[in-house]
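Trainee: My structure is stored as query_19.pdb, with PDB, C-alpha atoms.
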MODEL        1
ATOM      1  CA  MET A   1       0.000   0.000   0.000
ATOM      2  CA  TYR A   2       2.786   2.444   1.016
ATOM      3  CA  LYS A   3       4.773   1.450  -2.079
ATOM      4  CA  LYS A   4       1.831   2.372  -4.338
ATOM      5  CA  VAL A   5       1.408   5.763  -2.700
ATOM      6  CA  SER A   6       5.154   6.512  -2.973
ATOM      7  CA  LEU A   7       5.159   5.563  -6.629
ATOM      8  CA  PHE A   8       2.196   7.847  -7.280
ATOM      9  CA  ILE A   9       3.933  10.786  -5.564
ATOM     10  CA  ILE A  10       7.129  10.243  -7.572
ATOM     11  CA  MET A  11       5.165  10.144 -10.813
ATOM     12  CA  VAL A  12       3.358  13.363  -9.947
ATOM     13  CA  ILE A  13       6.699  15.076  -9.263
ATOM     14  CA  ILE A  14       8.212  13.844 -12.530
ATOM     15  CA  GLY A  15       5.112  14.983 -14.388
ATOM     16  CA  ALA A  16       5.337  18.440 -12.868
ATOM     17  CA  LEU A  17       9.019  18.734 -13.771
ATOM     18  CA  MET A  18       8.360  17.619 -17.361
ATOM     19  CA  SER A  19       5.559  20.131 -17.904
ATOM     20  CA  GLY A  20       7.791  22.921 -16.475
ATOM     21  CA  LYS A  21      10.531  21.967 -18.898
ATOM     22  CA  VAL A  22       8.167  22.053 -21.825
ATOM     23  CA  TYR A  23       6.833  25.453 -20.750
ATOM     24  CA  SER A  24      10.265  26.900 -20.310
ATOM     25  CA  GLN A  25      11.334  25.525 -23.649
ATOM     26  CA  THR A  26       8.453  27.418 -25.354
ATOM     27  CA  GLN A  27       9.384  30.611 -23.475
ATOM     28  CA  SER A  28      13.056  30.456 -24.345
ATOM     29  CA  LYS A  29      12.514  29.548 -27.942
ATOM     30  CA  PRO A  30      13.541  32.373 -30.331
ATOM     31  CA  ASP A  31      10.508  34.113 -31.901
ATOM     32  CA  GLU A  32      11.554  32.973 -35.389
ATOM     33  CA  GLU A  33      11.296  29.317 -34.336
ATOM     34  CA  LEU A  34       7.773  29.625 -32.882
ATOM     35  CA  THR A  35       4.914  27.953 -34.615
ATOM     36  CA  LYS A  36       1.919  30.084 -35.560
ATOM     37  CA  GLU A  37      -0.068  28.700 -32.624
ATOM     38  CA  GLU A  38       2.774  29.231 -30.177
ATOM     39  CA  ALA A  39       3.246  32.807 -31.388
ATOM     40  CA  ALA A  40      -0.494  33.513 -31.075
ATOM     41  CA  LYS A  41      -0.498  32.125 -27.542
ATOM     42  CA  LEU A  42       2.546  34.211 -26.608
ATOM     43  CA  ILE A  43       1.014  37.392 -28.063
ATOM     44  CA  GLN A  44      -2.124  36.706 -26.084
ATOM     45  CA  ASP A  45      -0.102  36.265 -22.866
ATOM     46  CA  TRP A  46       1.899  39.453 -23.422
ATOM     47  CA  GLN A  47      -1.226  41.411 -24.275
ATOM     48  CA  ALA A  48      -2.831  40.256 -21.019
ATOM     49  CA  LYS A  49       0.275  41.282 -19.124
ATOM     50  CA  VAL A  50       0.318  44.734 -20.776
ATOM     51  CA  ASN A  51      -3.378  45.203 -20.100
ATOM     52  CA  ALA A  52      -2.901  44.363 -16.425
ATOM     53  CA  LEU A  53      -0.035  46.845 -16.184
ATOM     54  CA  ASP A  54      -2.121  49.478 -17.957
ATOM     55  CA  ASP A  55      -4.873  49.020 -15.361
ATOM     56  CA  GLN A  56      -2.351  49.216 -12.572
ATOM     57  CA  LEU A  57      -0.982  52.473 -13.991
ATOM     58  CA  LYS A  58      -4.444  53.945 -14.310
ATOM     59  CA  ASN A  59      -5.200  53.084 -10.681
ATOM     60  CA  LEU A  60      -1.930  54.646  -9.574
ATOM     61  CA  ASP A  61      -2.685  57.818 -11.558
ATOM     62  CA  SER A  62      -6.076  58.016  -9.949
ATOM     63  CA  ASP A  63      -4.574  57.561  -6.446
ATOM     64  CA  ILE A  64      -1.952  60.216  -7.160
ATOM     65  CA  ASN A  65      -4.576  62.687  -8.316
ATOM     66  CA  SER A  66      -6.625  62.078  -5.165
ATOM     67  CA  LEU A  67      -3.521  62.566  -3.005
ATOM     68  CA  LYS A  68      -2.651  65.806  -4.820
ATOM     69  CA  GLN A  69      -6.153  67.061  -4.189
ATOM     70  CA  GLU A  70      -5.933  66.037  -0.532
ATOM     71  CA  LEU A  71      -2.591  67.804  -0.198
ATOM     72  CA  ASP A  72      -3.962  71.026  -1.690
ATOM     73  CA  ASP A  73      -6.979  70.899   0.631
ATOM     74  CA  THR A  74      -4.805  70.306   3.701
ATOM     75  CA  LYS A  75      -2.448  73.144   2.748
ATOM     76  CA  LYS A  76      -5.422  75.462   2.331
ATOM     77  CA  GLN A  77      -6.827  74.449   5.733
ATOM     78  CA  LEU A  78      -3.417  75.014   7.305
ATOM     79  CA  THR A  79      -3.159  78.528   5.868
ATOM     80  CA  ASP A  80      -6.693  79.279   7.046
ATOM     81  CA  CYS A  81      -5.893  77.968  10.516
ATOM     82  CA  ASN A  82      -2.741  80.106  10.846
ATOM     83  CA  ASP A  83      -4.608  83.157   9.543
ATOM     84  CA  ALA A  84      -7.360  82.545  12.092
ATOM     85  CA  ILE A  85      -4.816  82.505  14.954
ATOM     86  CA  TYR A  86      -3.183  85.739  13.790
ATOM     87  CA  LYS A  87      -6.611  87.334  13.385
ATOM     88  CA  MET A  88      -7.645  86.309  16.923
ATOM     89  CA  LEU A  89      -4.449  87.796  18.304
ATOM     90  CA  GLY A  90      -4.637  90.897  16.094
ATOM     91  CA  ILE A  91      -1.105  90.395  14.799
ATOM     92  CA  THR A  92       0.671  89.792  11.519
ATOM     93  CA  ALA A  93       3.352  87.316  10.546
ATOM     94  CA  ALA A  94       5.853  90.223  10.694
ATOM     95  CA  ASP A  95       4.823  90.936  14.315
ATOM     96  CA  VAL A  96       5.406  87.301  15.189
ATOM     97  CA  GLU A  97       8.830  87.386  13.555
ATOM     98  CA  ALA A  98       9.808  90.522  15.491
ATOM     99  CA  PHE A  99       8.549  88.956  18.728
ATOM    100  CA  LYS A 100      10.523  85.792  18.037
ATOM    101  CA  GLN A 101      13.689  87.856  17.588
ATOM    102  CA  GLN A 102      13.169  89.735  20.872
ATOM    103  CA  LEU A 103      12.630  86.469  22.688
ATOM    104  CA  GLY A 104      15.735  85.049  21.022
ATOM    105  CA  ILE A 105      17.836  87.961  22.328
ATOM    106  CA  ILE A 106      16.609  87.353  25.890
ATOM    107  CA  GLU A 107      17.261  83.643  25.557
ATOM    108  CA  GLY A 108      20.813  84.393  24.375
ATOM    109  CA  LYS A 109      21.433  86.563  27.444
ATOM    110  CA  VAL A 110      20.036  83.892  29.771
ATOM    111  CA  ARG A 111      22.327  81.263  28.265
ATOM    112  CA  GLU A 112      25.262  83.666  28.663
ATOM    113  CA  TYR A 113      24.464  84.192  32.359
ATOM    114  CA  GLN A 114      24.064  80.454  32.866
ATOM    115  CA  ARG A 115      27.711  80.025  31.935
ATOM    116  CA  MET A 116      28.815  82.403  34.719
ATOM    117  CA  ASN A 117      29.905  81.312  38.163
ATOM    118  CA  ASP A 118      28.113  82.249  41.394
ATOM    119  CA  ASP A 119      30.339  85.235  42.183
ATOM    120  CA  MET A 120      29.877  86.741  38.736
ATOM    121  CA  LEU A 121      26.128  86.204  38.945
ATOM    122  CA  ALA A 122      26.004  87.822  42.386
ATOM    123  CA  ASP A 123      27.577  90.926  40.832
ATOM    124  CA  LYS A 124      25.010  90.946  38.025
ATOM    125  CA  THR A 125      21.876  90.833  40.158
ATOM    126  CA  ASP A 126      20.597  94.191  38.851
ATOM    127  CA  GLU A 127      21.141  93.149  35.241
ATOM    128  CA  ILE A 128      19.310  89.879  35.876
ATOM    129  CA  LYS A 129      16.385  91.782  37.387
ATOM    130  CA  ALA A 130      16.324  94.016  34.295
ATOM    131  CA  LEU A 131      16.308  90.922  32.096
ATOM    132  CA  GLU A 132      13.401  89.462  34.057
ATOM    133  CA  ASN A 133      11.474  92.711  33.606
ATOM    134  CA  GLU A 134      12.303  92.662  29.902
ATOM    135  CA  LEU A 135      10.895  89.157  29.627
ATOM    136  CA  ASN A 136       7.802  90.116  31.601
ATOM    137  CA  ALA A 137       7.254  93.062  29.245
ATOM    138  CA  LEU A 138       7.056  90.555  26.381
ATOM    139  CA  ARG A 139       4.164  88.845  28.139
ATOM    140  CA  ALA A 140       2.070  91.926  27.380
ATOM    141  CA  ASN A 141       2.435  91.197  23.661
ATOM    142  CA  LYS A 142      -0.359  88.931  22.451
ATOM    143  CA  ALA A 143       2.100  87.039  20.259
ATOM    144  CA  SER A 144       3.242  85.521  23.550
ATOM    145  CA  LEU A 145       0.052  83.425  23.532
ATOM    146  CA  ILE A 146       1.275  81.329  20.623
ATOM    147  CA  PRO A 147       2.023  78.070  22.479
ATOM    148  CA  GLU A 148       5.600  77.818  21.272
ATOM    149  CA  TYR A 149       6.433  81.268  22.711
ATOM    150  CA  TYR A 150       4.147  80.959  25.742
ATOM    151  CA  ASN A 151       5.988  77.846  26.908
ATOM    152  CA  LYS A 152       9.367  79.379  26.086
ATOM    153  CA  ILE A 153       8.576  82.457  28.208
ATOM    154  CA  ILE A 154       7.619  80.303  31.200
ATOM    155  CA  SER A 155      10.758  78.235  30.803
ATOM    156  CA  LEU A 156      12.994  81.332  30.441
ATOM    157  CA  ALA A 157      11.366  82.955  33.483
ATOM    158  CA  ARG A 158      12.236  79.809  35.461
ATOM    159  CA  ASP A 159      15.815  79.952  34.164
ATOM    160  CA  ILE A 160      16.127  83.641  35.096
ATOM    161  CA  LYS A 161      14.835  82.983  38.635
ATOM    162  CA  GLY A 162      17.571  80.386  38.953
ATOM    163  CA  LEU A 163      20.235  82.975  38.129
ATOM    164  CA  TYR A 164      19.871  85.044  41.286
ATOM    165  CA  ARG A 165      22.771  84.617  43.701
ATOM    166  CA  GLU A 166      23.312  86.268  47.063
ATOM    167  CA  LYS A 167      26.537  88.168  47.487
ATOM    168  CA  LYS A 168      28.767  86.146  49.714
ATOM    169  CA  ILE A 169      30.930  87.927  52.240
ATOM    170  CA  LYS A 170      34.069  85.849  52.458
ATOM    171  CA  SER A 171      35.969  87.767  55.121
ATOM    172  CA  TYR A 172      35.310  90.279  57.855
ATOM    173  CA  THR A 173      37.658  92.774  59.507
ATOM    174  CA  VAL A 174      36.994  93.043  63.231
ATOM    175  CA  GLY A 175      36.033  96.527  64.373
ATOM    176  CA  THR A 176      36.315  98.000  67.856
ATOM    177  CA  TRP A 177      34.019  97.032  70.727
ATOM    178  CA  ALA A 178      33.355 100.676  71.485
ATOM    179  CA  LYS A 179      32.187 101.460  67.948
ATOM    180  CA  ASP A 180      31.063  98.168  66.384
ATOM    181  CA  LYS A 181      30.373  95.949  69.390
ATOM    182  CA  ASP A 182      32.245  93.223  67.529
ATOM    183  CA  CYS A 183      32.468  89.827  69.187
ATOM    184  CA  LEU A 184      31.975  86.442  67.494
ATOM    185  CA  TRP A 185      28.349  86.286  68.687
ATOM    186  CA  ASN A 186      27.504  89.714  67.248
ATOM    187  CA  ILE A 187      29.442  89.146  64.020
ATOM    188  CA  ALA A 188      27.639  85.836  63.341
ATOM    189  CA  GLY A 189      24.332  87.571  64.066
ATOM    190  CA  LYS A 190      24.851  90.265  61.409
ATOM    191  CA  ILE A 191      22.201  89.942  58.688
ATOM    192  CA  ASP A 192      24.740  90.138  55.852
ATOM    193  CA  ILE A 193      26.935  87.458  57.478
ATOM    194  CA  TYR A 194      24.886  84.573  58.950
ATOM    195  CA  GLY A 195      21.992  86.416  60.564
ATOM    196  CA  ASP A 196      22.260  83.832  63.346
ATOM    197  CA  PRO A 197      24.445  84.538  66.410
ATOM    198  CA  PHE A 198      24.377  80.867  67.387
ATOM    199  CA  LEU A 199      26.666  80.187  64.439
ATOM    200  CA  TRP A 200      29.579  81.961  66.177
ATOM    201  CA  PRO A 201      31.496  78.630  66.624
ATOM    202  CA  ARG A 202      31.614  78.404  62.836
ATOM    203  CA  ILE A 203      33.640  81.631  62.611
ATOM    204  CA  TRP A 204      35.792  80.506  65.511
ATOM    205  CA  GLN A 205      36.554  77.112  63.971
ATOM    206  CA  GLY A 206      37.245  78.738  60.626
ATOM    207  CA  ASN A 207      39.879  80.953  62.241
ATOM    208  CA  THR A 208      41.588  78.815  64.915
ATOM    209  CA  ASP A 209      44.941  80.045  63.602
ATOM    210  CA  ILE A 210      44.217  83.564  64.849
ATOM    211  CA  ILE A 211      41.577  82.990  67.549
ATOM    212  CA  ARG A 212      42.798  81.058  70.551
ATOM    213  CA  ASN A 213      40.084  82.187  72.934
ATOM    214  CA  PRO A 214      36.769  82.902  71.207
ATOM    215  CA  ASP A 215      36.005  85.517  73.845
ATOM    216  CA  ILE A 216      38.963  87.557  72.678
ATOM    217  CA  ILE A 217      39.256  88.970  69.172
ATOM    218  CA  PHE A 218      41.185  92.065  68.249
ATOM    219  CA  PRO A 219      40.271  95.053  66.072
ATOM    220  CA  GLY A 220      41.856  94.760  62.653
ATOM    221  CA  GLN A 221      41.879  90.943  62.652
ATOM    222  CA  VAL A 222      40.622  89.619  59.320
ATOM    223  CA  LEU A 223      38.294  86.683  59.918
ATOM    224  CA  GLN A 224      37.566  84.167  57.164
ATOM    225  CA  LEU A 225      33.838  83.433  56.960
ATOM    226  CA  PRO A 226      32.918  79.844  56.069
ATOM    227  CA  PRO A 227      29.650  79.574  54.089
ATOM    228  CA  LYS A 228      26.417  79.659  56.069
ATOM    229  CA  GLY A 229      25.009  76.278  57.019
ATOM    230  CA  PRO A 230      24.219  74.055  59.979
ATOM    231  CA  LYS A 231      27.026  73.590  62.499
ATOM    232  CA  THR A 232      29.324  70.652  61.795
ATOM    233  CA  SER A 233      30.021  68.015  64.449
ATOM    234  CA  GLU A 234      33.510  69.534  64.925
ATOM    235  CA  GLU A 235      32.007  72.957  65.541
ATOM    236  CA  MET A 236      29.460  71.565  68.002
ATOM    237  CA  LYS A 237      32.200  69.653  69.807
ATOM    238  CA  ALA A 238      34.316  72.811  70.076
ATOM    239  CA  GLU A 239      31.305  74.761  71.364
ATOM    240  CA  ARG A 240      30.556  72.153  74.056
ATOM    241  CA  LYS A 241      34.219  72.212  75.118
ATOM    242  CA  TYR A 242      34.099  75.993  75.280
ATOM    243  CA  TRP A 243      31.034  76.032  77.532
ATOM    244  CA  ARG A 244      32.428  73.243  79.738
ATOM    245  CA  GLU A 245      35.714  75.050  80.261
ATOM    246  CA  LYS A 246      33.919  78.326  80.863
ATOM    247  CA  LYS A 247      31.703  76.674  83.493
ATOM    248  CA  GLU A 248      34.716  75.065  85.165
ATOM    249  CA  ALA A 249      36.604  78.365  85.156
ATOM    250  CA  GLU A 250      33.650  80.102  86.773
ATOM    251  CA  ALA A 251      33.284  77.343  89.360
ATOM    252  CA  ASN A 252      36.972  77.630  90.169
ATOM    253  CA  LYS A 253      36.611  81.373  90.429
ATOM    254  CA  GLU A 254      33.728  80.954  92.871
ATOM    255  CA  THR A 255      35.642  78.357  94.928
ATOM    256  CA  THR A 256      38.728  80.563  95.000
ATOM    257  CA  GLY A 257      36.578  83.588  95.875
ATOM    258  CA  ALA A 258      34.789  81.673  98.681
ATOM    259  CA  GLY A 259      38.154  80.395  99.967
ATOM    260  CA  LYS A 260      39.539  83.885 100.018
ATOM    261  CA  GLN A 261      36.423  85.102 101.846
ATOM    262  CA  GLY A 262      36.780  82.242 104.359
ATOM    263  CA  GLU A 263      40.391  83.259 104.980
TER
ATOM    264  CA  MET B   1       6.883  38.998 -34.575
ATOM    265  CA  THR B   2       6.711  42.792 -34.680
ATOM    266  CA  GLN B   3       3.637  42.729 -32.493
ATOM    267  CA  LEU B   4       5.427  40.586 -29.957
ATOM    268  CA  LYS B   5       8.377  42.977 -29.945
ATOM    269  CA  GLU B   6       6.085  45.959 -29.434
ATOM    270  CA  LEU B   7       4.259  44.251 -26.592
ATOM    271  CA  ARG B   8       7.546  43.443 -24.845
ATOM    272  CA  ALA B   9       8.716  47.062 -25.214
ATOM    273  CA  LYS B  10       5.383  48.344 -23.915
ATOM    274  CA  GLU B  11       5.548  46.005 -20.938
ATOM    275  CA  SER B  12       9.009  47.227 -20.058
ATOM    276  CA  SER B  13       8.042  50.896 -20.352
ATOM    277  CA  LEU B  14       4.851  50.351 -18.306
ATOM    278  CA  THR B  15       6.782  48.552 -15.562
ATOM    279  CA  GLU B  16       9.218  51.452 -15.378
ATOM    280  CA  MET B  17       6.418  54.004 -15.294
ATOM    281  CA  ILE B  18       4.605  52.083 -12.552
ATOM    282  CA  ALA B  19       7.743  52.064 -10.404
ATOM    283  CA  ARG B  20       8.017  55.852 -10.842
ATOM    284  CA  LYS B  21       4.353  56.376 -10.025
ATOM    285  CA  ARG B  22       4.618  54.163  -6.942
ATOM    286  CA  GLN B  23       7.481  56.318  -5.693
ATOM    287  CA  GLU B  24       5.504  59.482  -6.458
ATOM    288  CA  LYS B  25       2.519  58.095  -4.562
ATOM    289  CA  LYS B  26       4.709  57.210  -1.587
ATOM    290  CA  ASN B  27       6.180  60.728  -1.519
ATOM    291  CA  LEU B  28       2.758  62.295  -1.727
ATOM    292  CA  GLU B  29       1.437  60.079   1.052
ATOM    293  CA  SER B  30       4.199  61.143   3.391
ATOM    294  CA  GLU B  31       3.752  64.810   2.474
ATOM    295  CA  VAL B  32       0.018  64.598   3.108
ATOM    296  CA  ALA B  33       0.691  62.934   6.472
ATOM    297  CA  ALA B  34       3.167  65.691   7.403
ATOM    298  CA  ARG B  35       0.772  68.494   6.421
ATOM    299  CA  LYS B  36      -2.062  66.797   8.321
ATOM    300  CA  ALA B  37       0.124  66.634  11.424
ATOM    301  CA  GLU B  38       0.895  70.353  10.977
ATOM    302  CA  LEU B  39      -2.786  71.081  10.622
ATOM    303  CA  LYS B  40      -3.575  69.113  13.774
ATOM    304  CA  LYS B  41      -0.916  71.090  15.660
ATOM    305  CA  CYS B  42      -2.317  74.352  14.308
ATOM    306  CA  GLN B  43      -5.819  73.402  15.454
ATOM    307  CA  ASP B  44      -4.460  72.552  18.920
ATOM    308  CA  ASP B  45      -2.594  75.877  18.971
ATOM    309  CA  LYS B  46      -5.775  77.678  18.020
ATOM    310  CA  SER B  47      -7.683  76.113  20.924
ATOM    311  CA  PHE B  48      -4.821  77.016  23.254
ATOM    312  CA  VAL B  49      -4.830  80.652  22.076
ATOM    313  CA  GLU B  50      -8.619  80.835  22.460
ATOM    314  CA  ASP B  51      -8.349  79.558  26.022
ATOM    315  CA  LYS B  52      -5.556  81.980  27.011
ATOM    316  CA  LEU B  53      -7.276  84.910  25.322
ATOM    317  CA  SER B  54     -10.372  84.275  27.410
ATOM    318  CA  LYS B  55      -8.190  84.806  30.527
ATOM    319  CA  TRP B  56      -6.051  87.622  29.136
ATOM    320  CA  PRO B  57      -4.058  89.294  30.663
ATOM    321  CA  ASN B  58      -4.113  87.002  33.692
ATOM    322  CA  CYS B  59      -3.178  83.978  31.679
ATOM    323  CA  TRP B  60       0.229  83.257  33.219
ATOM    324  CA  PRO B  61       0.662  80.620  35.894
ATOM    325  CA  ASP B  62       3.922  82.201  37.079
ATOM    326  CA  TYR B  63       3.299  85.919  36.730
ATOM    327  CA  THR B  64       0.814  88.615  37.653
ATOM    328  CA  PRO B  65       0.694  91.466  35.116
ATOM    329  CA  GLY B  66       1.966  94.819  36.343
ATOM    330  CA  GLN B  67       4.354  93.186  38.788
ATOM    331  CA  GLU B  68       7.821  94.649  38.394
ATOM    332  CA  VAL B  69      10.903  92.913  39.746
ATOM    333  CA  LYS B  70      12.694  95.331  42.111
TER
ENDMDL
END
Starting from the file, lay out its structure as structure tokens.

Mentor:
Amino acid sequence: MYKKVSLFIIMVIIGALMSGKVYSQTQSKPDEELTKEEAAKLIQDWQAKVNALDDQLKNLDSDINSLKQELDDTKKQLTDCNDAIYKMLGITAADVEAFKQQLGIIEGKVREYQRMNDDMLADKTDEIKALENELNALRANKASLIPEYYNKIISLARDIKGLYREKKIKSYTVGTWAKDKDCLWNIAGKIDIYGDPFLWPRIWQGNTDIIRNPDIIFPGQVLQLPPKGPKTSEEMKAERKYWREKKEAEANKETTGAGKQGE
Amino acid sequence: MTQLKELRAKESSLTEMIARKRQEKKNLESEVAARKAELKKCQDDKSFVEDKLSKWPNCWPDYTPGQEVK
């Protein structure tokens, strides 16, 4: 049974191969060698092929024409839409161009400031304020409502706000007690220094080379001012030691005083 | 034989033309898609402008008009 089936399959394959060979022989035969019937058949095949291609071309032409029409319509709608926006805002394309340039100038300045370091920025505070006012003045122009510019203005305003730096005082020359009431407590409490007298150990620890006893500083001494911030563990340790020693000294003083009185 | 020759030539020219037209169609399709996207953006922009204009001049989330930085 299996043998019969296998034989049948082999015969079918051979048959298929033979018919292919015959077909290809007709196709590859030079035109001059074709019989009348073969030539007629070939002409018929080619004509069908050409007709199919012709139809395909016609369909493509029709699609292209529809697309061209669609493109024209879309372009028209786009122009109308842009005109409608300008009309709503009461501006012209030239106004928008001028606005874009003004915004570009401000953006250029912002980028320039962003490349500066903190000290340089601290010196330019007034110019940065002027730039912020310049940007805010642009908000009064209705062209600023075009989303592209509206979002840019908000982003630039954020960038400008980030440019402000406080002037840092890096050193302080001690004045006299009579005139300035300068001691570490008072110096740390000055608004333009730390604005917090409790930060006096910070100045002390930043100047241990010239301050041995934090209760004693001299007029004319130039103190280095570390940046403002919470006290470090070293500073807190030094402060505790200071208060402990002060307490002990006072206790000793009292004991000595009481002893002397007793004598 | 002449007819066969002509048909072969026509087939070749049609195939070439179809390839060109297919490319043209493809280009047009992408241009239409791009313009449609632009149109969609313009319509969104228009709605945005309408909304902000209805609140003008207090249409800024980060700024009150007339406020000068001192």

Trainee: Report the residues retrieved by the ChimeraX specification (/B :<7) & /A from the displayed file, expressed as a list in words.

Mentor: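 Written out, the selection comes to Asp31, Ile43, Trp46, Gln47, Val50, Leu53, Leu57, Leu60, Ile64, Leu67, Leu71, Thr74, Lys75, Leu78, Cys81, Asn82, Ile85, Lys129, Asn133, Leu145, Ile146 and Pro147 of chain A.
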
Trainee: Write out as a PyMOL selection string which residues come within 9 Å of Pro214 (chain A) when counting all atoms listed in the file, dropping same-chain ones fewer than 3 positions away.

Mentor: chain A and resi 183-184+200-201+204+208+211+217+242

Trainee: Between CA of Met236 (chain A) and CA of Phe198 (chain A), what is the distance in Å, rounded to a tenth?

Mentor: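 Between CA of Met236 (chain A) and CA of Phe198 (chain A) the gap works out to 10.6 Å.
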
Trainee: Could the centre and edge lengths of an axis-aligned box, enclosing all atoms of region 242-258 of chain A in the file with 8 Å extra on each side, be given in Å to one decimal as JSON?

Mentor:
{"center_x": 34.9, "center_y": 78.4, "center_z": 87.0, "size_x": 23.7, "size_y": 26.3, "size_z": 39.4}

Trainee: Could you work out how far CA of Lys124 (chain A) lies from CA of Lys228 (chain A), giving the answer in Å with one decimal?

Mentor: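 If I compute the distance from CA of Lys228 (chain A) to CA of Lys124 (chain A), I get 21.3 Å.
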
Trainee: Env of Ile160 (chain A): 12 Å cut, atoms = only C-alpha atoms, seq-sep filter 4 positions within chain, self excluded. Answer as a PyMOL selection string.

Mentor: (chain A and resi 106-114+121+124-125+127-136+153-156+164-165) or (chain B and resi 69)

Trainee: Take the PyMOL selection byres ((chain A and resi 205) around 12), run it mentally on this structure, and tell me the resulting residues as a VMD selection string.

Mentor: chain A and resid 184 199 to 204 206 to 214 223 to 226 231 to 239 242

Trainee: Hey, can you check how far CA of Arg244 (chain A) sits from CA of Pro197 (chain A)?

Mentor: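 Answer for the CA of Arg244 (chain A) to CA of Pro197 (chain A) separation: 19.2 Å.
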
Trainee: So that I can check the surroundings of Phe99 (chain A), please list as a list in words every protein, DNA and RNA residue that reaches within 8 Å of it, counting all atoms listed in the file and ignoring chain neighbours fewer than 3 positions away.

Mentor: Asp95, Val96, Gln102, Leu103, Leu138, Ala143 and Ser144 of chain A

Trainee: Could you rebuild region 21-35 of chain B with N, CA and C atoms and give me the result as an mmCIF file, keeping the file's coordinate frame?

Mentor:
data_model
loop_
_atom_site.group_PDB
_atom_site.id
_atom_site.type_symbol
_atom_site.label_atom_id
_atom_site.label_comp_id
_atom_site.auth_asym_id
_atom_site.auth_seq_id
_atom_site.Cartn_x
_atom_site.Cartn_y
_atom_site.Cartn_z
ATOM 1 N N LYS B 21 5.618 55.911 -10.618
ATOM 2 C CA LYS B 21 4.353 56.376 -10.025
ATOM 3 C C LYS B 21 4.220 55.901 -8.580
ATOM 4 N N ARG B 22 4.686 54.696 -8.316
ATOM 5 C CA ARG B 22 4.618 54.163 -6.942
ATOM 6 C C ARG B 22 5.436 55.053 -6.005
ATOM 7 N N GLN B 23 6.619 55.453 -6.498
ATOM 8 C CA GLN B 23 7.481 56.318 -5.693
ATOM 9 C C GLN B 23 6.807 57.678 -5.462
ATOM 10 N N GLU B 24 6.183 58.185 -6.558
ATOM 11 C CA GLU B 24 5.504 59.482 -6.458
ATOM 12 C C GLU B 24 4.363 59.403 -5.432
ATOM 13 N N LYS B 25 3.650 58.290 -5.480
ATOM 14 C CA LYS B 25 2.519 58.095 -4.562
ATOM 15 C C LYS B 25 3.032 58.053 -3.107
ATOM 16 N N LYS B 26 4.131 57.342 -2.933
ATOM 17 C CA LYS B 26 4.709 57.210 -1.587
ATOM 18 C C LYS B 26 5.111 58.588 -1.049
ATOM 19 N N ASN B 27 5.764 59.384 -1.931
ATOM 20 C CA ASN B 27 6.180 60.728 -1.519
ATOM 21 C C ASN B 27 4.984 61.591 -1.152
ATOM 22 N N LEU B 28 3.960 61.488 -1.987
ATOM 23 C CA LEU B 28 2.758 62.295 -1.727
ATOM 24 C C LEU B 28 2.101 61.884 -0.419
ATOM 25 N N GLU B 29 2.055 60.572 -0.194
ATOM 26 C CA GLU B 29 1.437 60.079 1.052
ATOM 27 C C GLU B 29 2.156 60.642 2.275
ATOM 28 N N SER B 30 3.498 60.646 2.213
ATOM 29 C CA SER B 30 4.199 61.143 3.391
ATOM 30 C C SER B 30 4.042 62.656 3.514
ATOM 31 N N GLU B 31 3.955 63.361 2.380
ATOM 32 C CA GLU B 31 3.752 64.810 2.474
ATOM 33 C C GLU B 31 2.365 65.137 3.030
ATOM 34 N N VAL B 32 1.383 64.379 2.589
ATOM 35 C CA VAL B 32 0.018 64.598 3.108
ATOM 36 C C VAL B 32 0.000 64.343 4.620
ATOM 37 N N ALA B 33 0.670 63.263 5.043
ATOM 38 C CA ALA B 33 0.691 62.934 6.472
ATOM 39 C C ALA B 33 1.359 64.063 7.269
ATOM 40 N N ALA B 34 2.459 64.608 6.710
ATOM 41 C CA ALA B 34 3.167 65.691 7.403
ATOM 42 C C ALA B 34 2.288 66.933 7.505
ATOM 43 N N ARG B 35 1.641 67.288 6.417
ATOM 44 C CA ARG B 35 0.772 68.494 6.421
ATOM 45 C C ARG B 35 -0.398 68.298 7.376
#
